[in-house]
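**Q** Got a file for you: start16.cif, mmCIF, C-alpha atoms (C1' of nucleotides).
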```cif
data_run
loop_
_atom_site.label_atom_id
_atom_site.label_comp_id
_atom_site.auth_asym_id
_atom_site.auth_seq_id
_atom_site.Cartn_x
_atom_site.Cartn_y
_atom_site.Cartn_z
CA MET E 1086 8.22 -64.26 43.16
CA SER E 1087 11.24 -66.43 43.72
CA THR E 1088 14.38 -64.29 43.77
CA VAL E 1089 17.00 -66.43 42.10
CA LYS E 1090 20.49 -66.33 43.49
CA ASN E 1091 23.18 -65.18 41.09
CA PRO E 1092 25.94 -67.64 40.21
CA ARG E 1093 29.18 -67.11 41.97
CA THR E 1094 32.02 -65.40 40.07
CA PRO E 1095 35.44 -67.10 40.24
CA ALA E 1096 37.78 -65.18 42.50
CA THR E 1097 40.35 -64.63 39.76
CA GLU E 1098 37.86 -62.82 37.54
CA VAL E 1099 36.18 -60.50 40.01
CA ARG E 1100 38.93 -57.91 39.89
CA ALA E 1101 39.24 -57.75 36.11
CA ASN E 1102 35.47 -57.81 35.66
CA LEU E 1103 35.04 -54.84 37.97
CA ILE E 1104 37.66 -52.77 36.14
CA ALA E 1105 36.19 -53.62 32.74
CA ALA E 1106 32.67 -52.89 33.95
CA ALA E 1107 33.74 -49.54 35.39
CA ARG E 1108 35.37 -48.53 32.11
CA GLN E 1109 32.30 -49.52 30.09
CA LEU E 1110 29.92 -47.76 32.43
CA LEU E 1111 32.14 -44.67 32.52
CA GLU E 1112 32.19 -44.17 28.76
CA ARG E 1113 28.60 -45.27 28.20
CA GLU E 1114 26.85 -43.26 30.91
CA GLY E 1115 29.38 -40.81 32.31
CA SER E 1116 31.27 -40.53 35.55
CA ASP E 1117 28.13 -39.97 37.60
CA ALA E 1118 27.10 -43.54 36.78
CA LEU E 1119 30.25 -44.87 38.45
CA THR E 1120 28.57 -45.98 41.65
CA VAL E 1121 29.70 -48.98 43.66
CA ARG E 1122 26.35 -50.68 43.23
CA GLY E 1123 26.18 -49.78 39.55
CA VAL E 1124 29.64 -51.05 38.68
CA ALA E 1125 29.09 -54.25 40.63
CA ALA E 1126 25.82 -54.88 38.83
CA GLU E 1127 27.45 -54.20 35.44
CA ALA E 1128 30.19 -56.68 36.35
CA GLY E 1129 27.70 -59.28 37.58
CA VAL E 1130 29.32 -59.18 40.99
CA ALA E 1131 28.28 -58.33 44.52
CA PRO E 1132 29.01 -54.77 45.72
CA MET E 1133 31.24 -56.20 48.43
CA GLY E 1134 33.71 -57.23 45.75
CA VAL E 1135 34.73 -53.60 45.46
CA TYR E 1136 35.86 -53.75 49.10
CA ASN E 1137 37.33 -57.25 49.01
CA HIS E 1138 39.49 -56.61 45.92
CA PHE E 1139 40.08 -52.88 46.08
CA ASP E 1140 40.36 -50.18 48.67
CA GLY E 1141 36.74 -49.13 48.27
CA LYS E 1142 35.47 -47.01 45.40
CA ASP E 1143 38.57 -44.82 45.29
CA GLY E 1144 40.76 -47.90 45.07
CA LEU E 1145 38.72 -49.22 42.18
CA LEU E 1146 39.01 -45.91 40.34
CA ASP E 1147 42.76 -45.90 40.90
CA ALA E 1148 42.89 -49.37 39.35
CA VAL E 1149 40.77 -48.13 36.44
CA VAL E 1150 43.09 -45.23 35.62
CA THR E 1151 46.13 -47.46 36.04
CA ASP E 1152 44.57 -49.83 33.53
CA GLY E 1153 43.99 -46.82 31.32
CA PHE E 1154 47.62 -45.71 31.51
CA ARG E 1155 48.77 -49.21 30.62
CA GLU E 1156 46.69 -49.14 27.44
CA PHE E 1157 47.65 -45.52 26.81
CA GLY E 1158 51.34 -46.41 26.77
CA THR E 1159 50.84 -49.01 24.06
CA ARG E 1160 48.53 -46.79 22.03
CA ILE E 1161 50.78 -43.73 21.72
CA ALA E 1162 53.84 -45.69 20.60
CA ALA E 1163 54.93 -45.03 17.00
CA THR E 1164 57.51 -46.87 14.95
CA ASP E 1165 58.15 -44.62 11.95
CA SER E 1166 61.83 -44.66 11.12
CA ASP E 1167 61.79 -40.95 10.27
CA ALA E 1168 62.15 -39.08 13.55
CA ALA E 1169 59.83 -36.24 12.59
CA ALA E 1170 57.17 -38.65 11.36
CA ARG E 1171 57.44 -40.68 14.55
CA LEU E 1172 56.90 -37.61 16.71
CA LEU E 1173 53.89 -36.54 14.67
CA ALA E 1174 52.42 -40.03 14.67
CA ALA E 1175 52.74 -40.27 18.44
CA GLY E 1176 50.98 -36.93 18.75
CA ARG E 1177 48.12 -38.15 16.60
CA ASN E 1178 47.94 -41.44 18.48
CA TYR E 1179 47.70 -39.41 21.68
CA ARG E 1180 44.64 -37.58 20.39
CA ALA E 1181 43.05 -40.75 19.05
CA PHE E 1182 43.20 -42.37 22.48
CA ALA E 1183 41.70 -39.33 24.18
CA LEU E 1184 38.86 -39.25 21.65
CA ASP E 1185 38.26 -43.00 22.01
CA TYR E 1186 37.96 -42.84 25.80
CA PRO E 1187 37.18 -39.21 26.63
CA ARG E 1188 35.80 -39.79 30.12
CA LEU E 1189 38.54 -42.20 31.06
CA TYR E 1190 41.08 -39.70 29.77
CA GLU E 1191 39.65 -36.99 32.00
CA LEU E 1192 39.66 -39.31 34.99
CA MET E 1193 43.27 -40.32 34.34
CA PHE E 1194 44.45 -36.74 34.70
CA SER E 1195 42.09 -35.59 37.43
CA THR E 1196 43.25 -35.06 40.99
CA LYS E 1197 40.69 -37.60 42.20
CA CYS E 1198 42.73 -40.57 41.02
CA THR E 1199 46.29 -41.73 41.55
CA PRO E 1200 47.49 -44.26 38.98
CA ASP E 1201 50.21 -46.74 39.80
CA ASP E 1202 53.43 -44.78 39.54
CA GLU E 1203 55.34 -47.40 37.60
CA VAL E 1204 52.64 -47.76 34.95
CA ALA E 1205 52.19 -44.01 34.51
CA THR E 1206 55.95 -43.55 34.26
CA GLY E 1207 55.98 -46.27 31.62
CA ALA E 1208 53.58 -44.36 29.40
CA PHE E 1209 55.63 -41.22 29.86
CA GLY E 1210 58.76 -43.20 28.97
CA VAL E 1211 57.32 -43.97 25.54
CA LEU E 1212 57.41 -40.26 24.76
CA VAL E 1213 60.86 -39.85 26.29
CA ASP E 1214 62.18 -42.52 23.94
CA ILE E 1215 60.68 -40.72 20.95
CA ILE E 1216 62.38 -37.51 22.06
CA ARG E 1217 65.70 -39.34 22.36
CA TYR E 1218 65.20 -40.79 18.90
CA GLY E 1219 64.64 -37.28 17.55
CA GLN E 1220 67.74 -35.98 19.30
CA ALA E 1221 69.82 -38.79 17.82
CA ALA E 1222 68.56 -37.78 14.37
CA ASN E 1223 69.51 -34.18 15.14
CA LEU E 1224 65.87 -33.15 14.70
CA ILE E 1225 65.28 -32.14 18.31
CA MET E 1226 67.42 -29.78 20.36
CA ALA E 1227 69.87 -31.11 22.91
CA GLY E 1228 68.78 -31.15 26.53
CA ASP E 1229 67.24 -33.34 29.20
CA PRO E 1230 64.86 -35.71 27.34
CA ASP E 1231 62.65 -35.99 30.43
CA SER E 1232 62.24 -32.24 30.61
CA LEU E 1233 61.53 -31.94 26.89
CA ALA E 1234 59.07 -34.82 27.06
CA ALA E 1235 57.27 -33.18 29.98
CA GLN E 1236 56.89 -29.97 27.96
CA VAL E 1237 55.60 -31.78 24.89
CA TRP E 1238 53.24 -33.83 27.02
CA ALA E 1239 51.89 -30.67 28.62
CA CYS E 1240 51.07 -29.16 25.23
CA VAL E 1241 49.21 -32.14 23.80
CA HIS E 1242 47.48 -32.83 27.11
CA GLY E 1243 46.31 -29.25 27.31
CA ALA E 1244 44.93 -29.39 23.79
CA MET E 1245 42.98 -32.58 24.46
CA SER E 1246 41.82 -31.42 27.87
CA LEU E 1247 40.37 -28.26 26.35
CA GLU E 1248 38.89 -30.07 23.37
CA LEU E 1249 37.16 -32.66 25.55
CA ALA E 1250 35.83 -29.99 27.91
CA GLU E 1251 34.68 -27.99 24.87
CA SER E 1252 36.61 -25.04 26.26
CA GLN E 1253 37.94 -24.00 22.89
CA PRO E 1254 36.40 -21.35 20.62
CA PRO E 1255 33.60 -23.19 18.80
CA PHE E 1256 34.52 -21.71 15.43
CA LEU E 1257 37.91 -23.48 15.42
CA ASP E 1258 38.11 -26.96 13.97
CA PRO E 1259 39.60 -29.18 16.69
CA ALA E 1260 41.42 -31.57 14.35
CA GLU E 1261 42.93 -28.75 12.34
CA ASN E 1262 43.91 -26.82 15.43
CA TYR E 1263 45.56 -29.91 16.92
CA GLU E 1264 47.68 -30.33 13.79
CA HIS E 1265 48.79 -26.72 14.13
CA LEU E 1266 49.66 -27.38 17.75
CA LEU E 1267 51.83 -30.34 16.78
CA LEU E 1268 53.72 -28.12 14.36
CA LEU E 1269 54.08 -25.45 17.03
CA VAL E 1270 55.60 -28.02 19.37
CA ALA E 1271 57.89 -29.36 16.66
CA ARG E 1272 59.22 -25.85 16.02
CA GLY E 1273 59.56 -25.26 19.73
CA ILE E 1274 61.82 -28.26 20.30
CA ALA E 1275 63.63 -28.20 16.94
CA ALA E 1276 67.41 -28.41 16.97
CA MET U 634 18.38 -25.99 74.61
CA SER U 635 16.79 -23.04 72.91
CA THR U 636 17.61 -23.16 69.20
CA VAL U 637 18.03 -19.55 68.17
CA LYS U 638 16.77 -18.52 64.76
CA ASN U 639 19.38 -17.15 62.40
CA PRO U 640 18.95 -13.60 61.14
CA ARG U 641 17.67 -13.27 57.65
CA THR U 642 20.15 -12.44 54.89
CA PRO U 643 19.20 -9.59 52.53
CA ALA U 644 18.10 -10.95 49.18
CA THR U 645 20.76 -9.03 47.28
CA GLU U 646 23.58 -10.66 49.22
CA VAL U 647 22.53 -14.30 49.22
CA ARG U 648 23.82 -14.98 45.75
CA ALA U 649 27.22 -13.37 46.21
CA ASN U 650 27.61 -14.91 49.67
CA LEU U 651 26.99 -18.38 48.33
CA ILE U 652 29.55 -18.00 45.55
CA ALA U 653 32.15 -16.61 47.92
CA ALA U 654 31.47 -19.34 50.47
CA ALA U 655 31.76 -22.03 47.81
CA ARG U 656 35.12 -20.67 46.67
CA GLN U 657 36.46 -20.50 50.21
CA LEU U 658 35.25 -23.97 51.08
CA LEU U 659 36.59 -25.36 47.83
CA GLU U 660 40.14 -24.14 48.38
CA ARG U 661 40.14 -24.75 52.12
CA GLU U 662 38.71 -28.27 52.24
CA GLY U 663 38.62 -29.57 48.68
CA SER U 664 35.87 -30.26 46.20
CA ASP U 665 34.35 -33.04 48.30
CA ALA U 666 33.40 -30.40 50.86
CA LEU U 667 31.30 -28.59 48.28
CA THR U 668 27.94 -29.85 49.52
CA VAL U 669 24.76 -27.82 49.35
CA ARG U 670 24.35 -27.90 53.12
CA GLY U 671 28.03 -27.14 53.68
CA VAL U 672 28.18 -24.16 51.36
CA ALA U 673 24.95 -22.76 52.75
CA ALA U 674 26.26 -23.05 56.31
CA GLU U 675 29.55 -21.38 55.32
CA ALA U 676 27.58 -18.56 53.72
CA GLY U 677 25.28 -18.23 56.74
CA VAL U 678 22.31 -18.97 54.53
CA ALA U 679 19.61 -21.61 54.34
CA PRO U 680 20.24 -24.54 51.94
CA MET U 681 17.15 -23.56 49.97
CA GLY U 682 18.99 -20.45 48.83
CA VAL U 683 20.94 -22.64 46.44
CA TYR U 684 17.66 -23.52 44.72
CA ASN U 685 16.09 -20.07 44.92
CA HIS U 686 19.09 -18.27 43.41
CA PHE U 687 20.72 -20.96 41.30
CA ASP U 688 19.68 -24.00 39.36
CA GLY U 689 20.56 -26.35 42.20
CA LYS U 690 24.10 -27.39 43.05
CA ASP U 691 25.22 -27.57 39.42
CA GLY U 692 23.94 -24.07 38.83
CA LEU U 693 25.87 -22.79 41.83
CA LEU U 694 29.07 -24.44 40.58
CA ASP U 695 28.56 -22.91 37.14
CA ALA U 696 28.29 -19.52 38.81
CA VAL U 697 31.44 -20.25 40.80
CA VAL U 698 33.53 -21.06 37.71
CA THR U 699 32.06 -18.08 35.87
CA ASP U 700 33.17 -15.92 38.79
CA GLY U 701 36.55 -17.60 38.51
CA PHE U 702 36.86 -16.83 34.80
CA ARG U 703 36.00 -13.20 35.46
CA GLU U 704 38.85 -12.89 37.94
CA PHE U 705 41.10 -14.99 35.72
CA GLY U 706 40.71 -12.55 32.84
CA THR U 707 41.85 -9.64 34.96
CA ARG U 708 44.72 -11.58 36.49
CA ILE U 709 46.41 -12.78 33.30
CA ALA U 710 46.46 -9.35 31.67
CA ALA U 711 49.92 -7.86 31.20
CA THR U 712 50.85 -4.34 30.13
CA ASP U 713 54.55 -4.53 29.26
CA SER U 714 55.23 -2.41 26.20
CA ASP U 715 57.72 -4.96 24.87
CA ALA U 716 55.70 -7.62 23.06
CA ALA U 717 57.91 -10.53 24.13
CA ALA U 718 57.88 -9.38 27.73
CA ARG U 719 54.11 -9.01 27.67
CA LEU U 720 53.66 -12.54 26.39
CA LEU U 721 55.99 -13.95 29.04
CA ALA U 722 54.36 -11.93 31.80
CA ALA U 723 50.92 -13.16 30.82
CA GLY U 724 52.22 -16.71 30.90
CA ARG U 725 53.58 -16.20 34.40
CA ASN U 726 50.36 -14.54 35.53
CA TYR U 727 48.50 -17.56 34.22
CA ARG U 728 50.53 -19.89 36.41
CA ALA U 729 50.23 -17.60 39.44
CA PHE U 730 46.44 -17.72 39.25
CA ALA U 731 46.39 -21.49 38.93
CA LEU U 732 48.68 -21.84 41.95
CA ASP U 733 46.61 -19.36 43.98
CA TYR U 734 43.34 -21.23 43.35
CA PRO U 735 44.32 -24.75 42.33
CA ARG U 736 40.99 -26.41 43.06
CA LEU U 737 39.00 -23.64 41.44
CA TYR U 738 41.28 -23.85 38.43
CA GLU U 739 40.61 -27.57 38.08
CA LEU U 740 36.87 -27.02 38.41
CA MET U 741 36.96 -24.25 35.79
CA PHE U 742 38.31 -26.64 33.18
CA SER U 743 36.46 -29.79 34.18
CA THR U 744 33.56 -31.15 32.18
CA LYS U 745 31.32 -30.88 35.23
CA CYS U 746 30.94 -27.13 34.92
CA THR U 747 29.92 -24.78 32.15
CA PRO U 748 30.96 -21.16 32.71
CA ASP U 749 29.05 -18.30 31.16
CA ASP U 750 30.17 -18.18 27.57
CA GLU U 751 30.64 -14.44 27.40
CA VAL U 752 32.82 -14.33 30.49
CA ALA U 753 34.99 -17.25 29.43
CA THR U 754 35.39 -15.73 25.98
CA GLY U 755 36.43 -12.51 27.64
CA ALA U 756 39.31 -14.20 29.46
CA PHE U 757 40.36 -15.86 26.21
CA GLY U 758 40.20 -12.48 24.49
CA VAL U 759 42.87 -11.11 26.80
CA LEU U 760 45.28 -13.63 25.34
CA VAL U 761 44.11 -12.96 21.80
CA ASP U 762 44.90 -9.28 22.27
CA ILE U 763 48.40 -10.14 23.47
CA ILE U 764 48.91 -12.29 20.39
CA ARG U 765 47.77 -9.43 18.17
CA TYR U 766 50.15 -7.09 19.95
CA GLY U 767 52.99 -9.52 19.25
CA GLN U 768 52.02 -9.79 15.60
CA ALA U 769 51.99 -6.02 15.27
CA ALA U 770 55.51 -5.96 16.70
CA ASN U 771 56.53 -8.64 14.18
CA LEU U 772 57.44 -10.95 17.05
CA ILE U 773 54.72 -13.52 16.37
CA MET U 774 53.99 -15.19 13.06
CA ALA U 775 51.08 -14.10 10.91
CA GLY U 776 47.90 -16.11 11.10
CA ASP U 777 44.53 -16.23 12.81
CA PRO U 778 45.08 -14.74 16.31
CA ASP U 779 42.26 -16.85 17.72
CA SER U 780 43.84 -20.04 16.47
CA LEU U 781 47.28 -19.05 17.76
CA ALA U 782 45.82 -18.04 21.12
CA ALA U 783 44.02 -21.39 21.38
CA GLN U 784 47.29 -23.22 20.80
CA VAL U 785 49.18 -21.14 23.34
CA TRP U 786 46.37 -21.54 25.84
CA ALA U 787 46.44 -25.30 25.37
CA CYS U 788 50.15 -25.43 26.17
CA VAL U 789 50.03 -23.41 29.37
CA HIS U 790 46.81 -25.05 30.48
CA GLY U 791 48.33 -28.47 29.98
CA ALA U 792 51.38 -27.53 32.00
CA MET U 793 49.31 -26.27 34.92
CA SER U 794 46.85 -29.14 34.73
CA LEU U 795 49.70 -31.63 35.01
CA GLU U 796 51.49 -29.65 37.71
CA LEU U 797 48.37 -29.39 39.86
CA ALA U 798 47.55 -33.07 39.40
CA GLU U 799 51.16 -33.92 40.24
CA SER U 800 51.31 -35.87 37.02
CA GLN U 801 54.77 -34.64 36.13
CA PRO U 802 58.04 -36.47 36.86
CA PRO U 803 58.80 -35.59 40.48
CA PHE U 804 62.46 -34.89 39.77
CA LEU U 805 61.61 -31.93 37.54
CA ASP U 806 61.26 -28.49 39.11
CA PRO U 807 57.78 -27.22 38.13
CA ALA U 808 58.71 -23.54 38.03
CA GLU U 809 61.81 -24.17 35.95
CA ASN U 810 59.96 -26.50 33.62
CA TYR U 811 57.20 -23.95 33.15
CA GLU U 812 59.73 -21.33 32.11
CA HIS U 813 61.11 -23.77 29.55
CA LEU U 814 57.61 -24.35 28.29
CA LEU U 815 57.04 -20.62 27.83
CA LEU U 816 60.20 -20.44 25.74
CA LEU U 817 59.09 -23.46 23.72
CA VAL U 818 55.80 -21.73 22.97
CA ALA U 819 57.55 -18.48 22.09
CA ARG U 820 59.75 -20.30 19.58
CA GLY U 821 56.75 -22.17 18.24
CA ILE U 822 54.82 -19.02 17.38
CA ALA U 823 57.79 -16.80 16.48
CA ALA U 824 57.63 -14.86 13.22
"C1'" DC V 499 1.77 4.56 57.45
"C1'" DA V 500 -0.75 0.05 56.53
"C1'" DT V 501 -1.17 -3.93 53.69
"C1'" DT V 502 0.18 -7.26 50.48
"C1'" DT V 503 3.56 -9.87 48.05
"C1'" DT V 504 7.96 -11.63 47.79
"C1'" DT V 505 11.61 -14.16 49.77
"C1'" DG V 506 14.36 -15.83 53.39
"C1'" DT V 507 14.56 -19.64 57.21
"C1'" DA V 508 13.35 -24.12 59.67
"C1'" DG V 509 12.73 -28.67 59.40
"C1'" DG V 510 11.16 -32.78 57.54
"C1'" DA V 511 11.01 -36.08 53.76
"C1'" DC V 512 12.66 -38.92 49.72
"C1'" DA V 513 15.74 -41.68 46.90
"C1'" DG V 514 20.41 -42.67 46.14
"C1'" DT V 515 25.41 -42.74 47.73
"C1'" DG V 516 29.81 -45.01 50.09
"C1'" DT V 517 30.64 -48.08 53.57
"C1'" DT V 518 30.27 -51.77 56.97
"C1'" DC V 519 28.12 -55.72 59.14
"C1'" DT V 520 26.00 -60.28 59.53
"C1'" DA V 521 24.34 -64.54 57.67
"C1'" DC V 522 24.60 -67.92 54.36
"C1'" DT V 523 26.66 -70.80 50.72
"C1'" DC V 524 29.59 -72.42 47.43
"C1'" DC V 525 34.28 -73.39 45.50
"C1'" DA V 526 38.87 -75.15 46.26
"C1'" DA V 527 42.69 -76.90 48.59
"C1'" DT V 528 44.12 -79.80 52.22
"C1'" DA M 598 35.55 -85.63 52.85
"C1'" DT M 599 36.20 -81.80 55.50
"C1'" DT M 600 37.56 -77.31 56.39
"C1'" DG M 601 38.45 -72.52 55.46
"C1'" DG M 602 38.56 -68.89 52.36
"C1'" DA M 603 35.77 -66.12 49.37
"C1'" DG M 604 31.79 -65.22 47.00
"C1'" DT M 605 26.52 -63.47 47.53
"C1'" DA M 606 22.32 -61.37 49.90
"C1'" DG M 607 20.49 -57.98 52.45
"C1'" DA M 608 20.10 -54.79 56.15
"C1'" DA M 609 21.90 -50.76 58.30
"C1'" DC M 610 24.41 -46.12 58.99
"C1'" DA M 611 25.46 -41.37 57.92
"C1'" DC M 612 25.44 -38.31 54.28
"C1'" DT M 613 24.13 -36.41 49.65
"C1'" DG M 614 20.96 -33.53 46.22
"C1'" DT M 615 16.42 -32.20 45.93
"C1'" DC M 616 11.84 -30.89 47.11
"C1'" DC M 617 8.02 -29.66 50.18
"C1'" DT M 618 5.41 -27.30 53.84
"C1'" DA M 619 4.98 -23.83 57.38
"C1'" DC M 620 6.26 -19.55 59.24
"C1'" DA M 621 8.36 -15.03 59.58
"C1'" DA M 622 10.59 -11.01 57.97
"C1'" DA M 623 11.85 -7.94 54.41
"C1'" DA M 624 10.34 -5.29 50.47
"C1'" DA M 625 7.04 -3.38 47.52
"C1'" DT M 626 2.59 -1.63 47.07
"C1'" DG M 627 -1.49 1.24 48.26
#
```
How would this structure read if it were set down as structure tokens?
**A**
Amino acid sequence: MSTVKNPRTPATEVRANLIAAARQLLEREGSDALTVRGVAAEAGVAPMGVYNHFDGKDGLLDAVVTDGFREFGTRIAATDSDAAARLLAAGRNYRAFALDYPRLYELMFSTKCTPDDEVATGAFGVLVDIIRYGQAANLIMAGDPDSLAAQVWACVHGAMSLELAESQPPFLDPAENYEHLLLLVARGIAA
Amino acid sequence: MSTVKNPRTPATEVRANLIAAARQLLEREGSDALTVRGVAAEAGVAPMGVYNHFDGKDGLLDAVVTDGFREFGTRIAATDSDAAARLLAAGRNYRAFALDYPRLYELMFSTKCTPDDEVATGAFGVLVDIIRYGQAANLIMAGDPDSLAAQVWACVHGAMSLELAESQPPFLDPAENYEHLLLLVARGIAA
DNA sequence: CATTTTTGTAGGACAGTGTTCTACTCCAAT
DNA sequence: ATTGGAGTAGAACACTGTCCTACAAAAATG
């Protein structure tokens, strides 16, 4: 009978709790489950927190994808000293992240969300640095590293986007096909 | 004061009208405007038509993306006798379609919709045929045409997905970058 | 041509959504 | 110790997908 009042969440944790709850809910139950009331309940927070700490639901989702890009940047980094190995490793790290958080990955690249520009650029910069490293080793053709990175990014993103949407021919093995794609890209940007 | 009753739409037209209305509304006002009531009003049809002719809103959207894939297949086809020119032309046709119907294109490749398998496979087959034509001309490397087509498709899809989401560095010219990407792909699958 | 069945429209209803408002209460800094 | 900011609770609004009933018109049947 007695409806107990929930304990109050410290102000400094509300924001982080909401982002973490949204990410959990997104992967566990899909993007349809990302409701203001649902995320707040998952975070143990009042729905109003979404409006006090973010610019409504859209603002929360923007914060979620920004958080995703921050993690993405650290995940795709590779440190192999061999330039070719580093490029391949980064490509595989890219796929591993997308497979770990498929729904977040889709949200990150959908037109519904706008991640913080600096953070997104940071993740892109990781790839640019790998391209530069390959150019220094004379593995990758000369040219604007940003442009080359954008092309490489497009190829791997397209592969993961299609794999996650199951838009690829079902008789092709996704992992095998992705490895072939990485080789295609390597040939395409070879010096 | 007097609410006039709308004329009744012939049964054979309701379905096509709803799909056409959804496509118009989608491009004109964005995916948020794709409500059952909104589409029905745009089509001059009662909302119940969405449930009589489709499996609810999701069924209507599936029909919309299937319609999109049908048109897509005809649009990307290229007939240049030179194999390299045909491949390039198809790549440019691909981009032209995505730029003509950006919101439909995003919907077609989102996880929310499932196009009719046969139709989607048909569009993919257009690219497979172009790959085969290039192999016959000894322009493209030997290997499974389906696998090669899937890789090429991934690259161009990724480029358009990023361009439409404005996820590319703003200082790069999209058209120019896309041309570079087509050359990258051509080198990657060259014999 | 007359009758019956199918199928569109009208309009209301339901639960769930994003969003905003008010009231209350607790934590923290002055 | 008091005050003000910031959390919760809960109601309210318009809008969403979905379903239901009632009625009328088109289409198929005789």
**Q** Please return the centre and edge lengths, in Å to one decimal, of a box with edges along x, y and z that contains all listed atoms of region 618-627 of chain M, widened by 8 Å on every side, as JSON.
**A**
```
{"center_x": 5.2, "center_y": -13.0, "center_z": 53.3, "size_x": 29.3, "size_y": 44.5, "size_z": 28.5}
```
**Q** Kindly determine which residues of chain U lie within 10 Å of chain V, considering only C-alpha atoms (C1' of nucleotides), and give the answer as an MDAnalysis selection string.
**A** chainID U and resid 638:644 647 678:682 685
**Q** Report as an MDAnalysis selection string the residues that result from applying the PyMOL selection byres ((chain E and resi 1160-1175) around 7) to the structure here.
**A** chainID E and resid 1156:1159 1176:1179 1182 1211 1215 1218:1219 1222 1267
**Q** For CA of Ser1246 (chain E) and C1' of DT613 (chain M), determine how far apart the two atoms are, in Å to one decimal place.
**A**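 Going from CA of Ser1246 (chain E) over to C1' of DT613 (chain M), I get 28.5 Å.
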**Q** Just need the residues of chain M within 9 Å of chain U, counting only C-alpha atoms (C1' of nucleotides), so spit them out as an NGL selection string.
**A** :M and (613-615 or 622-623)
**Q** Using the chain letters and numbers from the file, give me the residues hit by the PyMOL selection byres ((chain E) within 9 of (chain U)), as a ChimeraX atom specification.
**A** /E:1191,1194-1197,1199,1205-1206,1209,1231-1233,1235-1247,1249-1254,1257,1262-1263,1265-1266,1268-1274
**Q** For Ala653 (chain U), please output as JSON, numbers by chain all residues within 10 Å (counting all atoms listed in the file; exclusion window: fewer than 4 positions along the same chain).
**A** {"U": [647, 648, 649, 657, 658, 659, 672, 675, 676, 697, 700]}
**Q** Quick one, how far is CA of Asp1140 (chain E) from CA of Asn1102 (chain E)?
**A**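 A separation of 15.9 Å between them.
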**Q** Would you work out the distance separating CA of Asp749 (chain U) from CA of Thr699 (chain U), expressed in Å to one decimal?
**A**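 Calculated distance between CA of Asp749 (chain U) and CA of Thr699 (chain U) is 5.6 Å.
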**Q** Give me the residues near Leu737 (chain U) as number ranges by chain, where near means some atom within 8 Å (using only C-alpha atoms (C1' of nucleotides)) and where sequence neighbours in that chain fewer than 2 positions away do not count.
**A** U: 656, 659-660, 698, 701, 734-735, 739-741
**Q** For Ala1221 (chain E), which of E:Ala1106, E:Ala1181, E:Ala1276, E:Ala1260 is the closest residue, counting all atoms listed in the file?
**A**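 So, comparing all the options, the nearest one is E:Ala1276.
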